[in-house]
Amino acid sequence: MGTEPREKIDSRALKAWFYSGLLWGLALLLIPVAYLILVNIVWDLPAWYGWLGVGLVILFILWEAVIIPRLKLHFWRYEIREEEIDIRHGVIIIRRTLIPMIRVQHVDTEHGPIMRFFGLATLRISTAATNHRIPALSREKAAELRGEISALARVSDEDV
């Protein structure tokens, strides 16, 4: 497969993923909190189920907002070459994907409210078979890569 991809995703991804994980965790926290409220009013069930749920959600928040973002930032790599796009990601199982430029059908960028707040975007690369993504690039870098891949894919298509 040649050399490992060199480019890293933007370090601002840590903050964006932290807040995203925190928001998901707080939304999940509503479930055991609602249980704890209703167990006193409506049900005759043990309250420790609710407290167990609160503890599990706190562990989920630590995992999703603190640990996983650092691992993603460390392991995500990509490189755009003239003939292919090389993407490496994963924590326990590391996946390496080579996308030939000739297979690229279209490239676009996307960003939700949290990513937009931190000036980040995800680059989505579509082929006939599947979609690939490179997350948490600066919006400028994502736009630059979108144009570069689009131009390289057009050149590859003309060569066929």
# chains A, B, ... in the order shown; residues from 1 in each chain; ligands from 1
call {"tool": "closest_atom_pairs", "arguments": {"of": "segment 6-66 of chain A", "to": "segment 142-157 of chain A", "cutoff": "12 Å", "atoms": "only C-alpha atoms", "output": "CSV"}}
result
residue,atom,partner,partner_atom,distance
A:Glu7,CA,A:Leu145,CA,11.8
A:Ile9,CA,A:Ala142,CA,10.3
A:Asp10,CA,A:Ala142,CA,10.5
call {"tool": "residues_around", "arguments": {"residues": "segment 103-114 of chain A", "least_positions_apart": "6", "cutoff": "12 Å", "atoms": "only C-alpha atoms", "output": "NGL selection string"}}
result
:A and (12-23 or 83-85 or 120-157 or 160)
call {"tool": "write_last_selection", "arguments": {"atoms": "N, CA and C atoms", "output": "short mmCIF file (atom, residue, chain, number, x, y, z; two decimals), in the first residue's frame"}}
result
data_model
loop_
_atom_site.label_atom_id
_atom_site.label_comp_id
_atom_site.auth_asym_id
_atom_site.auth_seq_id
_atom_site.Cartn_x
_atom_site.Cartn_y
_atom_site.Cartn_z
N ARG A 12 -9.03 21.45 16.01
CA ARG A 12 -10.26 22.01 16.59
C ARG A 12 -11.35 20.95 16.69
N ALA A 13 -11.13 19.81 16.05
CA ALA A 13 -12.09 18.71 16.13
C ALA A 13 -12.27 18.24 17.57
N LEU A 14 -11.22 18.33 18.37
CA LEU A 14 -11.33 17.91 19.78
C LEU A 14 -12.45 18.66 20.49
N LYS A 15 -12.49 19.98 20.32
CA LYS A 15 -13.53 20.78 20.97
C LYS A 15 -14.90 20.48 20.38
N ALA A 16 -14.97 20.38 19.06
CA ALA A 16 -16.25 20.12 18.41
C ALA A 16 -16.81 18.77 18.84
N TRP A 17 -15.97 17.74 18.85
CA TRP A 17 -16.42 16.42 19.24
C TRP A 17 -16.73 16.37 20.74
N PHE A 18 -16.00 17.14 21.55
CA PHE A 18 -16.31 17.20 22.98
C PHE A 18 -17.72 17.73 23.19
N TYR A 19 -18.03 18.86 22.57
CA TYR A 19 -19.36 19.44 22.75
C TYR A 19 -20.45 18.56 22.14
N SER A 20 -20.17 17.92 21.04
CA SER A 20 -21.13 17.02 20.43
C SER A 20 -21.41 15.83 21.36
N GLY A 21 -20.36 15.22 21.90
CA GLY A 21 -20.53 14.11 22.83
C GLY A 21 -21.24 14.54 24.10
N LEU A 22 -20.93 15.75 24.57
CA LEU A 22 -21.58 16.27 25.77
C LEU A 22 -23.08 16.48 25.53
N LEU A 23 -23.44 17.04 24.38
CA LEU A 23 -24.86 17.24 24.07
C LEU A 23 -25.61 15.92 23.96
N GLU A 83 -3.43 10.01 -8.41
CA GLU A 83 -4.15 8.83 -8.87
C GLU A 83 -5.16 8.29 -7.88
N GLU A 84 -5.05 8.69 -6.58
CA GLU A 84 -5.90 8.09 -5.57
C GLU A 84 -6.04 8.97 -4.34
N ILE A 85 -7.01 8.62 -3.53
CA ILE A 85 -7.22 9.24 -2.23
C ILE A 85 -6.97 8.14 -1.20
N LEU A 120 -15.29 24.14 10.99
CA LEU A 120 -14.89 22.85 10.44
C LEU A 120 -15.94 22.31 9.47
N ALA A 121 -15.52 21.40 8.62
CA ALA A 121 -16.42 20.75 7.68
C ALA A 121 -15.94 19.33 7.42
N THR A 122 -16.85 18.50 6.94
CA THR A 122 -16.52 17.13 6.54
C THR A 122 -16.52 17.07 5.03
N LEU A 123 -15.49 16.47 4.47
CA LEU A 123 -15.39 16.27 3.03
C LEU A 123 -15.97 14.89 2.71
N ARG A 124 -16.99 14.85 1.86
CA ARG A 124 -17.62 13.58 1.46
C ARG A 124 -17.25 13.27 0.02
N ILE A 125 -16.75 12.06 -0.19
CA ILE A 125 -16.32 11.62 -1.50
C ILE A 125 -17.21 10.45 -1.90
N SER A 126 -17.93 10.59 -3.00
CA SER A 126 -18.87 9.56 -3.44
C SER A 126 -18.33 8.82 -4.66
N THR A 127 -18.44 7.50 -4.59
CA THR A 127 -18.15 6.66 -5.75
C THR A 127 -19.45 5.92 -6.08
N ALA A 128 -19.44 5.10 -7.12
CA ALA A 128 -20.65 4.37 -7.49
C ALA A 128 -21.06 3.40 -6.39
N ALA A 129 -20.10 2.87 -5.66
CA ALA A 129 -20.39 1.84 -4.67
C ALA A 129 -20.69 2.40 -3.28
N THR A 130 -20.02 3.47 -2.89
CA THR A 130 -20.14 3.91 -1.50
C THR A 130 -19.74 5.38 -1.33
N ASN A 131 -19.88 5.86 -0.11
CA ASN A 131 -19.43 7.21 0.25
C ASN A 131 -18.31 7.10 1.27
N HIS A 132 -17.35 7.97 1.13
CA HIS A 132 -16.24 8.05 2.07
C HIS A 132 -16.22 9.46 2.62
N ARG A 133 -15.60 9.62 3.78
CA ARG A 133 -15.56 10.96 4.35
C ARG A 133 -14.24 11.21 5.05
N ILE A 134 -13.88 12.47 5.08
CA ILE A 134 -12.76 12.94 5.87
C ILE A 134 -13.33 14.01 6.78
N PRO A 135 -13.45 13.73 8.08
CA PRO A 135 -14.12 14.66 8.98
C PRO A 135 -13.20 15.76 9.49
N ALA A 136 -13.81 16.80 10.01
CA ALA A 136 -13.14 17.83 10.80
C ALA A 136 -11.94 18.48 10.11
N LEU A 137 -12.16 18.92 8.89
CA LEU A 137 -11.16 19.74 8.21
C LEU A 137 -11.60 21.20 8.37
N SER A 138 -10.65 22.11 8.31
CA SER A 138 -11.08 23.51 8.30
C SER A 138 -11.92 23.72 7.05
N ARG A 139 -12.87 24.65 7.13
CA ARG A 139 -13.75 24.85 5.97
C ARG A 139 -12.95 25.24 4.74
N GLU A 140 -11.89 26.02 4.93
CA GLU A 140 -11.05 26.43 3.80
C GLU A 140 -10.35 25.21 3.19
N LYS A 141 -9.79 24.36 4.05
CA LYS A 141 -9.09 23.15 3.57
C LYS A 141 -10.07 22.20 2.87
N ALA A 142 -11.27 22.05 3.43
CA ALA A 142 -12.28 21.18 2.80
C ALA A 142 -12.66 21.70 1.42
N ALA A 143 -12.85 23.01 1.30
CA ALA A 143 -13.20 23.59 -0.01
C ALA A 143 -12.04 23.42 -1.00
N GLU A 144 -10.82 23.62 -0.51
CA GLU A 144 -9.64 23.46 -1.36
C GLU A 144 -9.52 22.01 -1.85
N LEU A 145 -9.69 21.05 -0.95
CA LEU A 145 -9.61 19.63 -1.32
C LEU A 145 -10.75 19.22 -2.24
N ARG A 146 -11.94 19.77 -2.02
CA ARG A 146 -13.08 19.49 -2.89
C ARG A 146 -12.75 19.88 -4.33
N GLY A 147 -12.19 21.07 -4.51
CA GLY A 147 -11.80 21.52 -5.85
C GLY A 147 -10.68 20.69 -6.43
N GLU A 148 -9.70 20.36 -5.60
CA GLU A 148 -8.56 19.57 -6.08
C GLU A 148 -8.99 18.17 -6.51
N ILE A 149 -9.80 17.51 -5.69
CA ILE A 149 -10.27 16.15 -6.03
C ILE A 149 -11.16 16.20 -7.27
N SER A 150 -12.01 17.20 -7.33
CA SER A 150 -12.90 17.34 -8.49
C SER A 150 -12.08 17.49 -9.77
N ALA A 151 -11.05 18.31 -9.73
CA ALA A 151 -10.19 18.51 -10.91
C ALA A 151 -9.44 17.23 -11.25
N LEU A 152 -8.89 16.55 -10.24
CA LEU A 152 -8.15 15.31 -10.50
C LEU A 152 -9.07 14.21 -11.02
N ALA A 153 -10.30 14.15 -10.51
CA ALA A 153 -11.26 13.14 -10.98
C ALA A 153 -11.65 13.42 -12.44
N ARG A 154 -11.79 14.68 -12.79
CA ARG A 154 -12.12 15.04 -14.18
C ARG A 154 -10.99 14.64 -15.11
N VAL A 155 -9.75 14.89 -14.69
CA VAL A 155 -8.59 14.53 -15.51
C VAL A 155 -8.53 13.02 -15.66
N SER A 156 -8.77 12.28 -14.56
CA SER A 156 -8.74 10.82 -14.63
C SER A 156 -9.82 10.29 -15.56
N ASP A 157 -10.97 10.92 -15.52
CA ASP A 157 -12.10 10.51 -16.37
C ASP A 157 -11.78 10.75 -17.84
N VAL A 160 -9.56 8.01 -19.64
CA VAL A 160 -10.12 6.68 -19.94
C VAL A 160 -10.57 6.59 -21.36
#
call {"tool": "closest_residue", "arguments": {"among": "A:Ile61, A:Ile87, A:Ala47, A:Leu56", "to": "Tyr35 of chain A", "atoms": "only C-alpha atoms"}}
result
A:Ala47
call {"tool": "closest_residue", "arguments": {"among": "A:Leu45, A:Leu30, A:Ala65, A:Ile99", "to": "Tyr78 of chain A", "atoms": "only C-alpha atoms"}}
result
A:Ile99
call {"tool": "residues_around", "arguments": {"residues": "Val39 of chain A", "least_positions_apart": "5", "cutoff": "12 Å", "atoms": "only C-alpha atoms", "output": "PyMOL selection string"}}
result
chain A and resi 32-34+44-51
call {"tool": "atom_distance", "arguments": {"atom1": "atom CA of Leu59 of chain A", "atom2": "atom CA of Leu73 of chain A"}}
result
20.3 Å
call {"tool": "select_by_dssp", "arguments": {"residues": "chain A", "states": "helix (DSSP H, G or I)", "output": "PyMOL selection string"}}
result
chain A and resi 13-41+48-75+101-103+113-117+139-159
call {"tool": "write_last_selection", "arguments": {"atoms": "C-alpha atoms", "output": "PDB file, in the first residue's frame"}}
result
ATOM      1  CA  ALA A  13     -12.094  18.709  16.126  1.00  0.00           C
ATOM      2  CA  LEU A  14     -11.335  17.913  19.776  1.00  0.00           C
ATOM      3  CA  LYS A  15     -13.530  20.780  20.972  1.00  0.00           C
ATOM      4  CA  ALA A  16     -16.251  20.125  18.408  1.00  0.00           C
ATOM      5  CA  TRP A  17     -16.421  16.416  19.243  1.00  0.00           C
ATOM      6  CA  PHE A  18     -16.308  17.202  22.979  1.00  0.00           C
ATOM      7  CA  TYR A  19     -19.362  19.443  22.747  1.00  0.00           C
ATOM      8  CA  SER A  20     -21.134  17.018  20.429  1.00  0.00           C
ATOM      9  CA  GLY A  21     -20.531  14.111  22.832  1.00  0.00           C
ATOM     10  CA  LEU A  22     -21.582  16.274  25.771  1.00  0.00           C
ATOM     11  CA  LEU A  23     -24.856  17.238  24.070  1.00  0.00           C
ATOM     12  CA  TRP A  24     -25.652  13.616  23.198  1.00  0.00           C
ATOM     13  CA  GLY A  25     -24.869  12.590  26.762  1.00  0.00           C
ATOM     14  CA  LEU A  26     -27.063  15.296  28.249  1.00  0.00           C
ATOM     15  CA  ALA A  27     -29.904  14.231  25.974  1.00  0.00           C
ATOM     16  CA  LEU A  28     -29.448  10.612  27.123  1.00  0.00           C
ATOM     17  CA  LEU A  29     -29.317  11.770  30.741  1.00  0.00           C
ATOM     18  CA  LEU A  30     -32.965  12.798  30.433  1.00  0.00           C
ATOM     19  CA  ILE A  31     -33.991   9.122  30.386  1.00  0.00           C
ATOM     20  CA  PRO A  32     -32.666   8.066  33.822  1.00  0.00           C
ATOM     21  CA  VAL A  33     -33.602  11.454  35.311  1.00  0.00           C
ATOM     22  CA  ALA A  34     -37.174  11.015  34.060  1.00  0.00           C
ATOM     23  CA  TYR A  35     -37.155   7.515  35.543  1.00  0.00           C
ATOM     24  CA  LEU A  36     -35.980   8.872  38.914  1.00  0.00           C
ATOM     25  CA  ILE A  37     -38.744  11.478  38.902  1.00  0.00           C
ATOM     26  CA  LEU A  38     -41.473   9.049  37.830  1.00  0.00           C
ATOM     27  CA  VAL A  39     -40.366   6.282  40.200  1.00  0.00           C
ATOM     28  CA  ASN A  40     -41.309   8.516  43.134  1.00  0.00           C
ATOM     29  CA  ILE A  41     -44.580   9.732  41.630  1.00  0.00           C
ATOM     30  CA  TRP A  48     -31.186   2.410  42.019  1.00  0.00           C
ATOM     31  CA  TYR A  49     -32.069   1.558  38.397  1.00  0.00           C
ATOM     32  CA  GLY A  50     -32.208   5.281  37.706  1.00  0.00           C
ATOM     33  CA  TRP A  51     -28.938   5.940  39.505  1.00  0.00           C
ATOM     34  CA  LEU A  52     -27.319   3.110  37.551  1.00  0.00           C
ATOM     35  CA  GLY A  53     -28.576   4.781  34.377  1.00  0.00           C
ATOM     36  CA  VAL A  54     -27.112   8.118  35.476  1.00  0.00           C
ATOM     37  CA  GLY A  55     -23.744   6.441  36.124  1.00  0.00           C
ATOM     38  CA  LEU A  56     -23.771   4.712  32.741  1.00  0.00           C
ATOM     39  CA  VAL A  57     -24.606   7.953  30.960  1.00  0.00           C
ATOM     40  CA  ILE A  58     -21.735   9.709  32.759  1.00  0.00           C
ATOM     41  CA  LEU A  59     -19.391   6.945  31.576  1.00  0.00           C
ATOM     42  CA  PHE A  60     -20.809   7.356  28.060  1.00  0.00           C
ATOM     43  CA  ILE A  61     -20.135  11.111  28.196  1.00  0.00           C
ATOM     44  CA  LEU A  62     -16.523  10.533  29.293  1.00  0.00           C
ATOM     45  CA  TRP A  63     -16.044   7.978  26.522  1.00  0.00           C
ATOM     46  CA  GLU A  64     -17.795   9.934  23.766  1.00  0.00           C
ATOM     47  CA  ALA A  65     -16.661  13.469  24.696  1.00  0.00           C
ATOM     48  CA  VAL A  66     -13.150  12.943  26.075  1.00  0.00           C
ATOM     49  CA  ILE A  67     -11.571   9.631  25.068  1.00  0.00           C
ATOM     50  CA  ILE A  68     -12.913   8.937  21.553  1.00  0.00           C
ATOM     51  CA  PRO A  69     -12.150  12.452  20.177  1.00  0.00           C
ATOM     52  CA  ARG A  70      -8.491  12.129  21.196  1.00  0.00           C
ATOM     53  CA  LEU A  71      -8.230   8.693  19.630  1.00  0.00           C
ATOM     54  CA  LYS A  72      -9.918   9.851  16.415  1.00  0.00           C
ATOM     55  CA  LEU A  73      -7.590  12.833  16.169  1.00  0.00           C
ATOM     56  CA  HIS A  74      -4.577  10.579  16.648  1.00  0.00           C
ATOM     57  CA  PHE A  75      -5.561   7.878  14.158  1.00  0.00           C
ATOM     58  CA  MET A 101      -9.603   9.054  -8.772  1.00  0.00           C
ATOM     59  CA  ILE A 102     -11.255   7.396 -11.738  1.00  0.00           C
ATOM     60  CA  ARG A 103     -13.992   6.076  -9.395  1.00  0.00           C
ATOM     61  CA  PRO A 113     -24.085  23.642  13.751  1.00  0.00           C
ATOM     62  CA  ILE A 114     -21.277  22.519  16.068  1.00  0.00           C
ATOM     63  CA  MET A 115     -18.780  22.027  13.247  1.00  0.00           C
ATOM     64  CA  ARG A 116     -19.833  25.336  11.710  1.00  0.00           C
ATOM     65  CA  PHE A 117     -19.249  27.110  15.048  1.00  0.00           C
ATOM     66  CA  ARG A 139     -13.751  24.853   5.967  1.00  0.00           C
ATOM     67  CA  GLU A 140     -11.051  26.426   3.799  1.00  0.00           C
ATOM     68  CA  LYS A 141      -9.092  23.155   3.574  1.00  0.00           C
ATOM     69  CA  ALA A 142     -12.278  21.176   2.802  1.00  0.00           C
ATOM     70  CA  ALA A 143     -13.196  23.592  -0.010  1.00  0.00           C
ATOM     71  CA  GLU A 144      -9.641  23.458  -1.363  1.00  0.00           C
ATOM     72  CA  LEU A 145      -9.610  19.631  -1.323  1.00  0.00           C
ATOM     73  CA  ARG A 146     -13.081  19.487  -2.893  1.00  0.00           C
ATOM     74  CA  GLY A 147     -11.803  21.520  -5.846  1.00  0.00           C
ATOM     75  CA  GLU A 148      -8.557  19.570  -6.075  1.00  0.00           C
ATOM     76  CA  ILE A 149     -10.270  16.154  -6.033  1.00  0.00           C
ATOM     77  CA  SER A 150     -12.896  17.343  -8.489  1.00  0.00           C
ATOM     78  CA  ALA A 151     -10.190  18.509 -10.906  1.00  0.00           C
ATOM     79  CA  LEU A 152      -8.153  15.311 -10.499  1.00  0.00           C
ATOM     80  CA  ALA A 153     -11.256  13.136 -10.984  1.00  0.00           C
ATOM     81  CA  ARG A 154     -12.115  15.043 -14.176  1.00  0.00           C
ATOM     82  CA  VAL A 155      -8.591  14.532 -15.511  1.00  0.00           C
ATOM     83  CA  SER A 156      -8.739  10.816 -14.631  1.00  0.00           C
ATOM     84  CA  ASP A 157     -12.102  10.513 -16.369  1.00  0.00           C
ATOM     85  CA  GLU A 158     -10.730  12.137 -19.529  1.00  0.00           C
ATOM     86  CA  ASP A 159      -7.802   9.696 -19.604  1.00  0.00           C
TER      87      ASP A 159
END
call {"tool": "select_by_dssp", "arguments": {"residues": "segment 42-91 of chain A", "states": "strand (DSSP E or B)", "output": "PyMOL selection string"}}
result
chain A and resi 77-80+84-89
call {"tool": "residues_around", "arguments": {"residues": "Pro5 of chain A", "least_positions_apart": "6", "cutoff": "10 Å", "atoms": "only C-alpha atoms", "output": "ChimeraX atom specification"}}
result
/A:76-81,85-88,96
call {"tool": "atom_distance", "arguments": {"atom1": "atom CA of Gly90 of chain A", "atom2": "atom CA of Lys8 of chain A"}}
result
13.4 Å
call {"tool": "decode", "arguments": {"residues": "segment 91-107 of chain A", "atoms": "N, CA and C atoms", "output": "mmCIF file, in the first residue's frame"}}
result
data_model
loop_
_atom_site.group_PDB
_atom_site.id
_atom_site.type_symbol
_atom_site.label_atom_id
_atom_site.label_comp_id
_atom_site.auth_asym_id
_atom_site.auth_seq_id
_atom_site.Cartn_x
_atom_site.Cartn_y
_atom_site.Cartn_z
ATOM 1 N N VAL A 91 -9.706 2.898 15.516
ATOM 2 C CA VAL A 91 -9.000 2.885 16.788
ATOM 3 C C VAL A 91 -8.526 1.474 17.088
ATOM 4 N N ILE A 92 -9.442 0.556 17.224
ATOM 5 C CA ILE A 92 -9.075 -0.836 17.491
ATOM 6 C C ILE A 92 -8.795 -1.544 16.170
ATOM 7 N N ILE A 93 -9.713 -1.399 15.241
ATOM 8 C CA ILE A 93 -9.522 -1.932 13.890
ATOM 9 C C ILE A 93 -9.189 -0.743 12.996
ATOM 10 N N ILE A 94 -7.988 -0.731 12.472
ATOM 11 C CA ILE A 94 -7.562 0.388 11.626
ATOM 12 C C ILE A 94 -7.887 0.039 10.184
ATOM 13 N N ARG A 95 -8.675 0.906 9.555
ATOM 14 C CA ARG A 95 -9.120 0.693 8.184
ATOM 15 C C ARG A 95 -8.342 1.631 7.264
ATOM 16 N N ARG A 96 -7.851 1.079 6.196
ATOM 17 C CA ARG A 96 -7.128 1.854 5.192
ATOM 18 C C ARG A 96 -7.887 1.725 3.880
ATOM 19 N N THR A 97 -8.269 2.866 3.295
ATOM 20 C CA THR A 97 -9.052 2.874 2.068
ATOM 21 C C THR A 97 -8.308 3.651 0.997
ATOM 22 N N LEU A 98 -8.172 3.054 -0.156
ATOM 23 C CA LEU A 98 -7.623 3.731 -1.327
ATOM 24 C C LEU A 98 -8.749 3.907 -2.335
ATOM 25 N N ILE A 99 -9.023 5.150 -2.689
ATOM 26 C CA ILE A 99 -10.093 5.445 -3.641
ATOM 27 C C ILE A 99 -9.438 5.924 -4.936
ATOM 28 N N PRO A 100 -9.522 5.135 -6.006
ATOM 29 C CA PRO A 100 -8.951 5.599 -7.279
ATOM 30 C C PRO A 100 -9.709 6.839 -7.778
ATOM 31 N N MET A 101 -8.975 7.820 -8.281
ATOM 32 C CA MET A 101 -9.603 9.054 -8.772
ATOM 33 C C MET A 101 -10.619 8.763 -9.870
ATOM 34 N N ILE A 102 -10.357 7.721 -10.634
ATOM 35 C CA ILE A 102 -11.255 7.396 -11.738
ATOM 36 C C ILE A 102 -12.641 6.972 -11.236
ATOM 37 N N ARG A 103 -12.724 6.525 -9.986
ATOM 38 C CA ARG A 103 -13.992 6.076 -9.395
ATOM 39 C C ARG A 103 -14.789 7.196 -8.729
ATOM 40 N N VAL A 104 -14.178 8.347 -8.516
ATOM 41 C CA VAL A 104 -14.850 9.442 -7.814
ATOM 42 C C VAL A 104 -15.941 10.021 -8.711
ATOM 43 N N GLN A 105 -17.169 10.058 -8.204
ATOM 44 C CA GLN A 105 -18.285 10.620 -8.957
ATOM 45 C C GLN A 105 -18.560 12.066 -8.571
ATOM 46 N N HIS A 106 -18.585 12.338 -7.288
ATOM 47 C CA HIS A 106 -18.703 13.725 -6.859
ATOM 48 C C HIS A 106 -18.157 13.899 -5.440
ATOM 49 N N VAL A 107 -17.845 15.149 -5.134
ATOM 50 C CA VAL A 107 -17.252 15.510 -3.848
ATOM 51 C C VAL A 107 -18.039 16.678 -3.293
#
